[in-house]
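Engineer: Supplied structure: upload-v3.cif, mmCIF, C-alpha atoms.
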```
data_upload
#
loop_
_atom_site.group_PDB
_atom_site.id
_atom_site.type_symbol
_atom_site.label_atom_id
_atom_site.label_comp_id
_atom_site.auth_asym_id
_atom_site.auth_seq_id
_atom_site.Cartn_x
_atom_site.Cartn_y
_atom_site.Cartn_z
ATOM 1 C CA GLY X 26 10.507 -92.935 -46.734
ATOM 2 C CA SER X 27 7.156 -92.541 -48.475
ATOM 3 C CA SER X 28 6.781 -96.292 -49.046
ATOM 4 C CA HIS X 29 7.407 -97.078 -45.363
ATOM 5 C CA PRO X 30 6.544 -93.983 -43.317
ATOM 6 C CA ILE X 31 7.229 -95.486 -39.873
ATOM 7 C CA ASP X 32 10.864 -95.693 -38.805
ATOM 8 C CA GLU X 33 11.039 -98.871 -36.736
ATOM 9 C CA ARG X 34 14.813 -98.828 -36.266
ATOM 10 C CA THR X 35 15.202 -98.420 -32.491
ATOM 11 C CA ILE X 36 18.685 -97.385 -31.399
ATOM 12 C CA VAL X 37 19.139 -98.678 -27.844
ATOM 13 C CA GLY X 38 22.773 -97.682 -27.495
ATOM 14 C CA THR X 39 25.985 -97.149 -29.403
ATOM 15 C CA SER X 40 26.918 -100.818 -29.475
ATOM 16 C CA ASP X 41 23.418 -101.754 -30.668
ATOM 17 C CA SER X 42 23.368 -99.345 -33.593
ATOM 18 C CA TYR X 43 21.677 -100.785 -36.698
ATOM 19 C CA MET X 44 24.517 -99.421 -38.837
ATOM 20 C CA ILE X 45 27.154 -101.819 -37.406
ATOM 21 C CA ALA X 46 26.857 -105.589 -37.770
ATOM 22 C CA ASP X 47 27.738 -107.820 -34.840
ATOM 23 C CA ASP X 48 30.414 -109.728 -36.728
ATOM 24 C CA THR X 49 32.261 -106.583 -37.856
ATOM 25 C CA ARG X 50 31.642 -104.283 -34.888
ATOM 26 C CA ASP X 51 34.653 -102.928 -33.019
ATOM 27 C CA ASP X 52 33.580 -101.086 -29.876
ATOM 28 C CA SER X 53 36.992 -99.497 -29.544
ATOM 29 C CA LEU X 54 36.389 -97.475 -32.714
ATOM 30 C CA LEU X 55 33.080 -96.068 -31.471
ATOM 31 C CA THR X 56 32.658 -92.852 -29.525
ATOM 32 C CA PRO X 57 31.486 -93.926 -26.072
ATOM 33 C CA ILE X 58 28.153 -92.620 -24.845
ATOM 34 C CA PHE X 59 29.482 -92.466 -21.295
ATOM 35 C CA HIS X 60 32.999 -91.718 -20.244
ATOM 36 C CA PRO X 61 34.692 -94.173 -17.846
ATOM 37 C CA GLY X 62 33.319 -93.819 -14.334
ATOM 38 C CA ASP X 63 30.133 -91.972 -15.355
ATOM 39 C CA VAL X 64 27.440 -92.427 -12.702
ATOM 40 C CA GLU X 65 24.692 -92.801 -15.318
ATOM 41 C CA GLU X 66 26.281 -95.779 -17.043
ATOM 42 C CA PRO X 67 24.782 -98.432 -14.694
ATOM 43 C CA LEU X 68 21.337 -96.818 -15.039
ATOM 44 C CA ASN X 69 21.589 -96.857 -18.830
ATOM 45 C CA LYS X 70 22.447 -100.556 -18.782
ATOM 46 C CA GLU X 71 19.373 -101.262 -16.706
ATOM 47 C CA ILE X 72 17.200 -99.324 -19.169
ATOM 48 C CA GLU X 73 18.722 -101.220 -22.100
ATOM 49 C CA LYS X 74 18.030 -104.529 -20.358
ATOM 50 C CA PHE X 75 14.445 -103.494 -19.640
ATOM 51 C CA ARG X 76 13.738 -102.376 -23.217
ATOM 52 C CA LYS X 77 15.181 -105.585 -24.656
ATOM 53 C CA SER X 78 12.938 -107.600 -22.360
ATOM 54 C CA LEU X 79 9.774 -106.029 -23.789
ATOM 55 C CA ASP X 80 8.119 -108.516 -26.131
ATOM 56 C CA ILE X 81 5.380 -106.167 -27.335
ATOM 57 C CA ILE X 82 6.093 -102.502 -28.067
ATOM 58 C CA GLU X 83 3.294 -100.176 -27.053
ATOM 59 C CA THR X 84 1.535 -98.719 -30.076
ATOM 60 C CA TYR X 85 -1.029 -96.057 -30.871
ATOM 61 C CA THR X 86 -3.140 -95.018 -33.869
ATOM 62 C CA ASP X 87 -2.520 -91.794 -35.728
ATOM 63 C CA PRO X 88 -5.450 -89.921 -37.352
ATOM 64 C CA PHE X 89 -3.293 -89.201 -40.401
ATOM 65 C CA LEU X 90 -2.593 -92.905 -41.010
ATOM 66 C CA GLY X 91 -5.999 -94.312 -40.134
ATOM 67 C CA PRO X 92 -7.214 -96.814 -37.541
ATOM 68 C CA ASP X 93 -5.598 -99.814 -39.247
ATOM 69 C CA VAL X 94 -2.000 -98.599 -38.878
ATOM 70 C CA GLU X 95 -0.440 -99.158 -35.476
ATOM 71 C CA VAL X 96 2.459 -96.812 -34.772
ATOM 72 C CA PRO X 97 5.094 -97.824 -32.172
ATOM 73 C CA ARG X 98 5.527 -95.251 -29.426
ATOM 74 C CA ASN X 99 9.314 -95.560 -29.517
ATOM 75 C CA VAL X 100 9.564 -93.898 -32.957
ATOM 76 C CA ALA X 101 9.226 -90.296 -34.041
ATOM 77 C CA LYS X 102 5.807 -89.068 -35.134
ATOM 78 C CA TRP X 103 5.268 -89.047 -38.890
ATOM 79 C CA HIS X 104 2.913 -86.525 -40.472
ATOM 80 C CA GLY X 105 1.284 -87.353 -43.747
ATOM 81 C CA LEU X 106 -0.573 -90.111 -45.538
ATOM 82 C CA PRO X 107 0.619 -93.636 -46.373
ATOM 83 C CA GLN X 108 1.731 -94.323 -49.903
ATOM 84 C CA ARG X 109 -1.032 -95.525 -52.228
ATOM 85 C CA LEU X 110 0.039 -98.912 -53.532
ATOM 86 C CA SER X 111 -2.903 -99.374 -55.906
ATOM 87 C CA TYR X 112 -5.867 -97.484 -57.297
ATOM 88 C CA PRO X 113 -9.430 -98.459 -56.418
ATOM 89 C CA GLU X 114 -11.184 -100.552 -59.029
ATOM 90 C CA LYS X 115 -13.519 -98.606 -61.291
ATOM 91 C CA ASP X 116 -15.595 -99.337 -64.340
ATOM 92 C CA PHE X 117 -13.379 -98.848 -67.395
ATOM 93 C CA THR X 118 -16.200 -96.896 -69.086
ATOM 94 C CA ASN X 119 -16.506 -94.301 -66.309
ATOM 95 C CA ASN X 120 -14.727 -91.576 -68.318
ATOM 96 C CA ARG X 121 -16.723 -91.957 -71.517
ATOM 97 C CA PHE X 122 -19.565 -89.829 -72.827
ATOM 98 C CA THR X 123 -20.671 -92.442 -75.353
ATOM 99 C CA LYS X 124 -23.925 -94.205 -74.719
ATOM 100 C CA GLU X 125 -23.640 -97.780 -73.560
ATOM 101 C CA GLU X 126 -25.305 -99.170 -76.669
ATOM 102 C CA ASP X 127 -22.831 -97.274 -78.919
ATOM 103 C CA MET X 128 -19.660 -98.471 -77.169
ATOM 104 C CA THR X 129 -17.175 -100.744 -78.887
ATOM 105 C CA ASP X 130 -17.359 -104.283 -77.523
ATOM 106 C CA PHE X 131 -13.648 -105.090 -77.273
ATOM 107 C CA ASP X 132 -14.406 -108.459 -75.661
ATOM 108 C CA ALA X 133 -16.055 -109.597 -78.867
ATOM 109 C CA LEU X 134 -13.048 -108.649 -81.028
ATOM 110 C CA SER X 135 -9.959 -110.717 -81.718
ATOM 111 C CA PRO X 136 -6.731 -109.594 -79.977
ATOM 112 C CA TYR X 137 -5.333 -108.149 -83.229
ATOM 113 C CA VAL X 138 -8.483 -106.231 -84.145
ATOM 114 C CA ALA X 139 -8.949 -105.044 -80.551
ATOM 115 C CA ARG X 140 -5.394 -103.708 -80.400
ATOM 116 C CA LYS X 141 -5.672 -102.018 -83.812
ATOM 117 C CA THR X 142 -8.966 -100.402 -82.815
ATOM 118 C CA ALA X 143 -7.498 -99.225 -79.496
ATOM 119 C CA VAL X 144 -4.530 -97.651 -81.322
ATOM 120 C CA GLN X 145 -6.900 -95.805 -83.647
ATOM 121 C CA TYR X 146 -8.893 -94.483 -80.694
ATOM 122 C CA ALA X 147 -5.705 -93.418 -78.911
ATOM 123 C CA ARG X 148 -4.487 -91.468 -81.942
ATOM 124 C CA ALA X 149 -7.845 -89.908 -82.782
ATOM 125 C CA LYS X 150 -8.836 -86.495 -81.478
ATOM 126 C CA ASN X 151 -12.493 -87.486 -81.106
ATOM 127 C CA ALA X 152 -12.901 -90.992 -79.726
ATOM 128 C CA GLU X 153 -15.520 -92.774 -77.626
ATOM 129 C CA TRP X 154 -14.631 -90.874 -74.475
ATOM 130 C CA LEU X 155 -15.221 -87.454 -76.138
ATOM 131 C CA PRO X 156 -18.241 -86.219 -78.070
ATOM 132 C CA GLU X 157 -17.651 -85.525 -81.728
ATOM 133 C CA GLY X 158 -16.210 -82.059 -82.365
ATOM 134 C CA VAL X 159 -15.122 -81.233 -78.792
ATOM 135 C CA SER X 160 -11.410 -81.602 -79.486
ATOM 136 C CA ALA X 161 -11.632 -79.699 -82.783
ATOM 137 C CA GLU X 162 -13.520 -76.881 -81.070
ATOM 138 C CA TYR X 163 -10.898 -76.682 -78.311
ATOM 139 C CA HIS X 164 -8.094 -76.591 -80.872
ATOM 140 C CA ALA X 165 -9.811 -73.805 -82.823
ATOM 141 C CA LYS X 166 -10.317 -71.839 -79.604
ATOM 142 C CA GLN X 167 -6.613 -72.121 -78.761
ATOM 143 C CA ARG X 168 -5.674 -70.959 -82.248
ATOM 144 C CA ALA X 169 -8.212 -68.094 -82.371
ATOM 145 C CA PRO X 170 -5.933 -65.302 -80.988
ATOM 146 C CA TYR X 171 -3.195 -66.178 -83.476
ATOM 147 C CA GLU X 172 -5.634 -66.414 -86.362
ATOM 148 C CA LYS X 173 -7.076 -63.013 -85.417
ATOM 149 C CA VAL X 174 -3.653 -61.350 -85.445
ATOM 150 C CA GLY X 175 -2.548 -63.320 -88.484
ATOM 151 C CA THR X 176 0.791 -64.559 -87.172
ATOM 152 C CA LEU X 177 3.084 -66.375 -89.548
ATOM 153 C CA MET X 178 4.986 -68.527 -87.042
ATOM 154 C CA GLY X 179 3.338 -71.897 -86.555
ATOM 155 C CA THR X 180 1.347 -71.667 -89.795
ATOM 156 C CA LEU X 181 1.915 -72.321 -93.479
ATOM 157 C CA ARG X 182 1.179 -68.732 -94.518
ATOM 158 C CA GLU X 183 3.612 -67.128 -96.891
ATOM 159 C CA GLY X 184 5.244 -63.824 -96.011
ATOM 160 C CA GLU X 185 7.663 -61.368 -97.547
ATOM 161 C CA LYS X 186 10.683 -62.649 -99.451
ATOM 162 C CA ASP X 187 13.499 -60.386 -100.515
ATOM 163 C CA PRO X 188 14.128 -61.297 -104.187
ATOM 164 C CA ALA X 189 17.826 -60.431 -103.852
ATOM 165 C CA ILE X 190 18.296 -62.831 -100.933
ATOM 166 C CA VAL X 191 16.261 -65.511 -102.704
ATOM 167 C CA ASP X 192 18.639 -65.302 -105.684
ATOM 168 C CA LEU X 193 21.672 -65.593 -103.398
ATOM 169 C CA ILE X 194 20.411 -68.741 -101.627
ATOM 170 C CA GLN X 195 19.529 -70.578 -104.852
ATOM 171 C CA PRO X 196 22.444 -73.049 -104.413
ATOM 172 C CA ALA X 197 21.036 -74.039 -101.007
ATOM 173 C CA LEU X 198 17.494 -74.334 -102.360
ATOM 174 C CA LYS X 199 18.728 -76.589 -105.191
ATOM 175 C CA VAL X 200 20.416 -78.903 -102.673
ATOM 176 C CA LEU X 201 17.299 -79.064 -100.477
ATOM 177 C CA GLY X 202 15.156 -79.671 -103.546
ATOM 178 C CA SER X 203 11.494 -80.541 -103.143
ATOM 179 C CA ILE X 204 11.854 -81.348 -99.448
ATOM 180 C CA VAL X 205 11.133 -77.689 -98.564
ATOM 181 C CA ASP X 206 9.310 -74.653 -99.917
ATOM 182 C CA LEU X 207 10.408 -71.138 -98.918
ATOM 183 C CA LEU X 208 7.606 -69.354 -97.057
ATOM 184 C CA SER X 209 9.159 -66.083 -95.920
ATOM 185 C CA ILE X 210 12.351 -64.316 -94.863
ATOM 186 C CA GLU X 211 12.073 -62.483 -91.539
ATOM 187 C CA ALA X 212 14.196 -60.311 -89.221
ATOM 188 C CA ASP X 213 15.978 -58.287 -91.907
ATOM 189 C CA GLY X 214 16.896 -61.373 -93.897
ATOM 190 C CA LYS X 215 18.317 -63.406 -90.992
ATOM 191 C CA ILE X 216 15.479 -65.859 -90.277
ATOM 192 C CA PHE X 217 14.180 -68.210 -92.970
ATOM 193 C CA ARG X 218 10.834 -70.041 -92.837
ATOM 194 C CA PHE X 219 10.279 -73.161 -94.915
ATOM 195 C CA TYR X 220 7.393 -75.544 -95.481
ATOM 196 C CA TYR X 221 8.968 -78.892 -94.623
ATOM 197 C CA HIS X 222 7.683 -82.027 -96.374
ATOM 198 C CA GLY X 223 10.150 -84.563 -94.980
ATOM 199 C CA LEU X 224 10.025 -86.923 -92.034
ATOM 200 C CA ILE X 225 9.313 -85.421 -88.629
ATOM 201 C CA LYS X 226 12.131 -87.441 -87.076
ATOM 202 C CA ASN X 227 14.614 -85.649 -89.397
ATOM 203 C CA LYS X 228 13.117 -82.180 -88.997
ATOM 204 C CA TYR X 229 15.632 -80.758 -86.515
ATOM 205 C CA GLY X 230 18.673 -82.140 -88.315
ATOM 206 C CA MET X 231 17.445 -80.903 -91.682
ATOM 207 C CA SER X 232 16.837 -77.396 -90.317
ATOM 208 C CA CYS X 233 20.395 -77.259 -88.941
ATOM 209 C CA TRP X 234 21.766 -78.459 -92.274
ATOM 210 C CA ALA X 235 19.668 -75.884 -94.164
ATOM 211 C CA GLN X 236 21.086 -73.154 -91.921
ATOM 212 C CA THR X 237 24.608 -74.295 -92.792
ATOM 213 C CA LEU X 238 23.813 -74.333 -96.519
ATOM 214 C CA ILE X 239 22.447 -70.776 -96.371
ATOM 215 C CA ARG X 240 25.532 -69.558 -94.519
ATOM 216 C CA ASP X 241 27.715 -71.216 -97.164
ATOM 217 C CA CYS X 242 25.989 -68.954 -99.694
ATOM 218 C CA GLY X 243 27.421 -65.924 -97.864
ATOM 219 C CA ILE X 244 24.134 -64.963 -96.187
ATOM 220 C CA GLU X 245 23.968 -64.192 -92.460
ATOM 221 C CA CYS X 246 21.447 -66.662 -91.016
ATOM 222 C CA ASP X 247 20.390 -66.650 -87.351
ATOM 223 C CA ASN X 248 17.752 -69.371 -87.572
ATOM 224 C CA VAL X 249 15.861 -71.663 -89.922
ATOM 225 C CA VAL X 250 12.259 -72.561 -89.057
ATOM 226 C CA PHE X 251 10.683 -75.620 -90.647
ATOM 227 C CA GLU X 252 6.879 -75.405 -90.616
ATOM 228 C CA THR X 253 4.835 -78.599 -90.874
ATOM 229 C CA GLY X 254 1.357 -77.278 -90.140
ATOM 230 C CA PHE X 255 -0.569 -79.667 -87.906
ATOM 231 C CA ARG X 256 1.442 -82.719 -88.968
ATOM 232 C CA LYS X 257 3.206 -84.100 -85.905
ATOM 233 C CA ARG X 258 4.121 -87.649 -86.815
ATOM 234 C CA ASP X 259 5.114 -90.003 -89.638
ATOM 235 C CA PRO X 260 2.315 -92.580 -89.829
ATOM 236 C CA GLN X 261 4.146 -94.850 -92.257
ATOM 237 C CA TYR X 262 7.080 -95.162 -89.864
ATOM 238 C CA ASP X 263 5.276 -95.388 -86.485
ATOM 239 C CA GLY X 264 5.285 -99.104 -85.789
ATOM 240 C CA GLY X 265 4.208 -99.937 -89.311
ATOM 241 C CA ASP X 266 0.579 -98.861 -88.836
ATOM 242 C CA PRO X 267 -0.356 -96.399 -91.624
ATOM 243 C CA TRP X 268 -3.613 -95.301 -89.979
ATOM 244 C CA TYR X 269 -3.603 -91.502 -89.892
ATOM 245 C CA GLY X 270 -7.071 -91.041 -88.451
ATOM 246 C CA PRO X 271 -9.462 -88.105 -88.434
ATOM 247 C CA TYR X 272 -7.584 -85.329 -86.688
#
```
Turn this file's structure into structure tokens for me.

Structural biologist:
Amino acid sequence: GSSHPIDERTIVGTSDSYMIADDTRDDSLLTPIFHPGDVEEPLNKEIEKFRKSLDIIETYTDPFLGPDVEVPRNVAKWHGLPQRLSYPEKDFTNNRFTKEEDMTDFDALSPYVARKTAVQYARAKNAEWLPEGVSAEYHAKQRAPYEKVGTLMGTLREGEKDPAIVDLIQPALKVLGSIVDLLSIEADGKIFRFYYHGLIKNKYGMSCWAQTLIRDCGIECDNVVFETGFRKRDPQYDGGDPWYGPY
């Protein structure tokens, strides 16, 4: 396997197979290598005796494994590189763009403050390892084609709403209450977009329930889309830390 690339299990003969323990082995159940009276059987026994008498197995070095790995010659050649068990030690500030004098000295902070500061950096889009504005610029660049076309999906823009359908789904809207705002009705009145204000962890379940409520109003509904803008988490319910950061 990758963690031990050299197969050192030498099979000398059928009776010496590594798969059968000495205390449970029954030679009568094994398929014999040589049939009774075979002329090569005495020669094979001599070879087995010779190989067992070797104290040191001849080895060689493989260029793929490096000069420090000795490979026994009685095993099949293995092509590849040994598994990396650890990464080389590097300075923990090697991936930062911040100047050394502007870096946060975590060693000088208490464990609680250091952990809280690290969580804030991990959740922030622009932290010490990125210059200010790089992440926001990348996000705007990714959104540029959609902003140019003016797509509705994935945004909080309002679209067309058929007043007749809106009147028919009023019972569903009253049940949902202030948790959602209707943004648009798409696909000939079969897809409904809402601005969802509830918890992200309940988003999928609420959308399925909203679809059921709309169908109970007698309206054919293929899908309900809950838009949340750029909100992706519930800060008040993520481990109790309300920090929402500059995104």

Engineer: Here is a test: counting all atoms listed in the file, which residue of X:Leu208, X:Val191, X:Ala161, X:Leu201 is nearest to Gly179 in chain X?

Structural biologist: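 The closest residue to Gly179 in chain X is X:Leu208.
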
Engineer: So, counting all atoms listed in the file, which residue among X:Lys115, X:Cys246, X:Gln236, X:Arg109 is closest to Ala212 in chain X?

Structural biologist: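 For Ala212 in chain X, the nearest of the candidates is X:Cys246.
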
Engineer: Apply the PyMOL selection byres ((chain X and resi 182) around 10) to the structure shown and report the selected residues as a PyMOL selection string.

Structural biologist: chain X and resi 175-181+183-184+208-209+218+220+252+254

Engineer: I'd like the interatomic distance between CA of Asp192 in chain X and CA of Leu224 in chain X, to a tenth of an Å.

Structural biologist: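 These two atoms are separated by 27.0 Å.
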
Engineer: Run the PyMOL selection byres ((chain X and resi 200) around 12) mentally over the shown coordinates, then write out the matched residues as a short mmCIF file (atom, residue, chain, number, x, y, z; two decimals) with C-alpha atoms, in the coordinates of the input, using the chain letters and numbers from the document.

Structural biologist:
```
data_model
loop_
_atom_site.label_atom_id
_atom_site.label_comp_id
_atom_site.auth_asym_id
_atom_site.auth_seq_id
_atom_site.Cartn_x
_atom_site.Cartn_y
_atom_site.Cartn_z
CA ILE X 194 20.41 -68.74 -101.63
CA GLN X 195 19.53 -70.58 -104.85
CA PRO X 196 22.44 -73.05 -104.41
CA ALA X 197 21.04 -74.04 -101.01
CA LEU X 198 17.49 -74.33 -102.36
CA LYS X 199 18.73 -76.59 -105.19
CA LEU X 201 17.30 -79.06 -100.48
CA GLY X 202 15.16 -79.67 -103.55
CA SER X 203 11.49 -80.54 -103.14
CA ILE X 204 11.85 -81.35 -99.45
CA VAL X 205 11.13 -77.69 -98.56
CA MET X 231 17.44 -80.90 -91.68
CA TRP X 234 21.77 -78.46 -92.27
CA ALA X 235 19.67 -75.88 -94.16
CA THR X 237 24.61 -74.30 -92.79
CA LEU X 238 23.81 -74.33 -96.52
CA ILE X 239 22.45 -70.78 -96.37
CA ASP X 241 27.72 -71.22 -97.16
CA CYS X 242 25.99 -68.95 -99.69
#
```

Engineer: I'd like the neighbourhood of Phe217 in chain X as a list of chain:residue names, where a residue qualifies if any of its atoms comes within 7 Å (using all atoms listed in the file), though same-chain residues fewer than 6 positions away should be ignored.

Structural biologist: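 Returned residues: X:Ser209, X:Ile210, X:Glu211, X:Asn248, X:Val249, X:Val250.
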
Engineer: Could you pull the residues within 10 Å of Lys257 in chain X, counting all atoms listed in the file, minus those fewer than 4 positions along the same chain, as a ChimeraX atom specification?

Structural biologist: /X:224-226,253

Engineer: What gap, in Å, lies between CA of Arg148 in chain X and CA of Tyr262 in chain X?

Structural biologist: 14.5 Å

Engineer: Just to confirm, what's the straight-line distance from CA of Phe255 in chain X to CA of Gly230 in chain X in Å (one decimal)?

Structural biologist: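 Computing it gives 19.4 Å between the two atoms.
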
Engineer: Grab range 82-92 of chain X from that structure and dump all heavy atoms to a file, as a PDB file, in the first residue's frame.

Structural biologist:
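Result file follows (selection-v6.pdb):
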```pdb
ATOM      1  N   ILE X  82      19.159 -10.424   3.345  1.00  0.00           N
ATOM      2  CA  ILE X  82      18.620 -10.430   1.988  1.00  0.00           C
ATOM      3  C   ILE X  82      19.302  -9.334   1.190  1.00  0.00           C
ATOM      4  O   ILE X  82      19.444  -8.199   1.653  1.00  0.00           O
ATOM      5  CB  ILE X  82      17.098 -10.220   1.996  1.00  0.00           C
ATOM      6  CG1 ILE X  82      16.422 -11.347   2.775  1.00  0.00           C
ATOM      7  CG2 ILE X  82      16.547 -10.152   0.593  1.00  0.00           C
ATOM      8  CD1 ILE X  82      14.921 -11.193   2.893  1.00  0.00           C
ATOM      9  N   GLU X  83      19.730  -9.649   0.009  1.00  0.00           N
ATOM     10  CA  GLU X  83      20.400  -8.657  -0.834  1.00  0.00           C
ATOM     11  C   GLU X  83      19.428  -7.542  -1.179  1.00  0.00           C
ATOM     12  O   GLU X  83      18.278  -7.790  -1.557  1.00  0.00           O
ATOM     13  CB  GLU X  83      20.919  -9.330  -2.105  1.00  0.00           C
ATOM     14  CG  GLU X  83      21.759  -8.415  -2.980  1.00  0.00           C
ATOM     15  CD  GLU X  83      22.235  -9.115  -4.236  1.00  0.00           C
ATOM     16  OE1 GLU X  83      21.932 -10.300  -4.412  1.00  0.00           O
ATOM     17  OE2 GLU X  83      22.897  -8.445  -5.049  1.00  0.00           O
ATOM     18  N   THR X  84      19.908  -6.305  -1.084  1.00  0.00           N
ATOM     19  CA  THR X  84      19.055  -5.151  -1.338  1.00  0.00           C
ATOM     20  C   THR X  84      19.686  -4.258  -2.393  1.00  0.00           C
ATOM     21  O   THR X  84      20.853  -4.402  -2.753  1.00  0.00           O
ATOM     22  CB  THR X  84      18.853  -4.333  -0.050  1.00  0.00           C
ATOM     23  OG1 THR X  84      20.115  -3.855   0.409  1.00  0.00           O
ATOM     24  CG2 THR X  84      18.195  -5.180   1.035  1.00  0.00           C
ATOM     25  N   TYR X  85      18.882  -3.311  -2.863  1.00  0.00           N
ATOM     26  CA  TYR X  85      19.351  -2.317  -3.823  1.00  0.00           C
ATOM     27  C   TYR X  85      18.587  -1.026  -3.560  1.00  0.00           C
ATOM     28  O   TYR X  85      17.570  -1.020  -2.848  1.00  0.00           O
ATOM     29  CB  TYR X  85      19.133  -2.795  -5.266  1.00  0.00           C
ATOM     30  CG  TYR X  85      17.685  -2.852  -5.684  1.00  0.00           C
ATOM     31  CD1 TYR X  85      17.097  -1.805  -6.395  1.00  0.00           C
ATOM     32  CD2 TYR X  85      16.886  -3.951  -5.382  1.00  0.00           C
ATOM     33  CE1 TYR X  85      15.778  -1.838  -6.788  1.00  0.00           C
ATOM     34  CE2 TYR X  85      15.564  -4.005  -5.765  1.00  0.00           C
ATOM     35  CZ  TYR X  85      15.015  -2.947  -6.464  1.00  0.00           C
ATOM     36  OH  TYR X  85      13.694  -2.995  -6.844  1.00  0.00           O
ATOM     37  N   THR X  86      19.060   0.069  -4.126  1.00  0.00           N
ATOM     38  CA  THR X  86      18.394   1.368  -3.985  1.00  0.00           C
ATOM     39  C   THR X  86      17.701   1.722  -5.278  1.00  0.00           C
ATOM     40  O   THR X  86      18.240   1.524  -6.367  1.00  0.00           O
ATOM     41  CB  THR X  86      19.409   2.469  -3.624  1.00  0.00           C
ATOM     42  OG1 THR X  86      20.428   2.506  -4.624  1.00  0.00           O
ATOM     43  CG2 THR X  86      20.028   2.185  -2.264  1.00  0.00           C
ATOM     44  N   ASP X  87      16.492   2.257  -5.137  1.00  0.00           N
ATOM     45  CA  ASP X  87      15.677   2.628  -6.281  1.00  0.00           C
ATOM     46  C   ASP X  87      15.690   4.145  -6.418  1.00  0.00           C
ATOM     47  O   ASP X  87      15.509   4.869  -5.433  1.00  0.00           O
ATOM     48  CB  ASP X  87      14.241   2.125  -6.097  1.00  0.00           C
ATOM     49  CG  ASP X  87      13.432   2.234  -7.372  1.00  0.00           C
ATOM     50  OD1 ASP X  87      13.217   3.373  -7.834  1.00  0.00           O
ATOM     51  OD2 ASP X  87      13.012   1.194  -7.899  1.00  0.00           O
ATOM     52  N   PRO X  88      15.891   4.680  -7.635  1.00  0.00           N
ATOM     53  CA  PRO X  88      15.915   6.151  -7.782  1.00  0.00           C
ATOM     54  C   PRO X  88      14.605   6.812  -7.412  1.00  0.00           C
ATOM     55  O   PRO X  88      14.580   7.987  -7.030  1.00  0.00           O
ATOM     56  CB  PRO X  88      16.250   6.347  -9.275  1.00  0.00           C
ATOM     57  CG  PRO X  88      15.918   5.050  -9.924  1.00  0.00           C
ATOM     58  CD  PRO X  88      16.173   3.991  -8.906  1.00  0.00           C
ATOM     59  N   PHE X  89      13.486   6.067  -7.516  1.00  0.00           N
ATOM     60  CA  PHE X  89      12.197   6.660  -7.166  1.00  0.00           C
ATOM     61  C   PHE X  89      12.060   6.829  -5.652  1.00  0.00           C
ATOM     62  O   PHE X  89      11.394   7.745  -5.182  1.00  0.00           O
ATOM     63  CB  PHE X  89      11.050   5.787  -7.682  1.00  0.00           C
ATOM     64  CG  PHE X  89      10.880   5.840  -9.173  1.00  0.00           C
ATOM     65  CD1 PHE X  89      11.403   4.849  -9.979  1.00  0.00           C
ATOM     66  CD2 PHE X  89      10.204   6.882  -9.779  1.00  0.00           C
ATOM     67  CE1 PHE X  89      11.262   4.894 -11.351  1.00  0.00           C
ATOM     68  CE2 PHE X  89      10.045   6.936 -11.148  1.00  0.00           C
ATOM     69  CZ  PHE X  89      10.579   5.946 -11.935  1.00  0.00           C
ATOM     70  N   LEU X  90      12.687   5.941  -4.874  1.00  0.00           N
ATOM     71  CA  LEU X  90      12.533   5.961  -3.427  1.00  0.00           C
ATOM     72  C   LEU X  90      13.653   6.699  -2.721  1.00  0.00           C
ATOM     73  O   LEU X  90      13.531   6.998  -1.538  1.00  0.00           O
ATOM     74  CB  LEU X  90      12.457   4.513  -2.901  1.00  0.00           C
ATOM     75  CG  LEU X  90      11.338   3.655  -3.482  1.00  0.00           C
ATOM     76  CD1 LEU X  90      11.402   2.247  -2.929  1.00  0.00           C
ATOM     77  CD2 LEU X  90       9.982   4.280  -3.183  1.00  0.00           C
ATOM     78  N   GLY X  91      14.750   6.964  -3.410  1.00  0.00           N
ATOM     79  CA  GLY X  91      15.842   7.691  -2.788  1.00  0.00           C
ATOM     80  C   GLY X  91      16.924   6.766  -2.258  1.00  0.00           C
ATOM     81  O   GLY X  91      16.730   5.550  -2.125  1.00  0.00           O
ATOM     82  N   PRO X  92      18.078   7.333  -1.909  1.00  0.00           N
ATOM     83  CA  PRO X  92      19.211   6.505  -1.484  1.00  0.00           C
ATOM     84  C   PRO X  92      19.059   5.916  -0.093  1.00  0.00           C
ATOM     85  O   PRO X  92      19.800   5.017   0.283  1.00  0.00           O
ATOM     86  CB  PRO X  92      20.387   7.484  -1.546  1.00  0.00           C
ATOM     87  CG  PRO X  92      19.763   8.831  -1.335  1.00  0.00           C
ATOM     88  CD  PRO X  92      18.400   8.764  -1.964  1.00  0.00           C
TER      89      PRO X  92
END
```
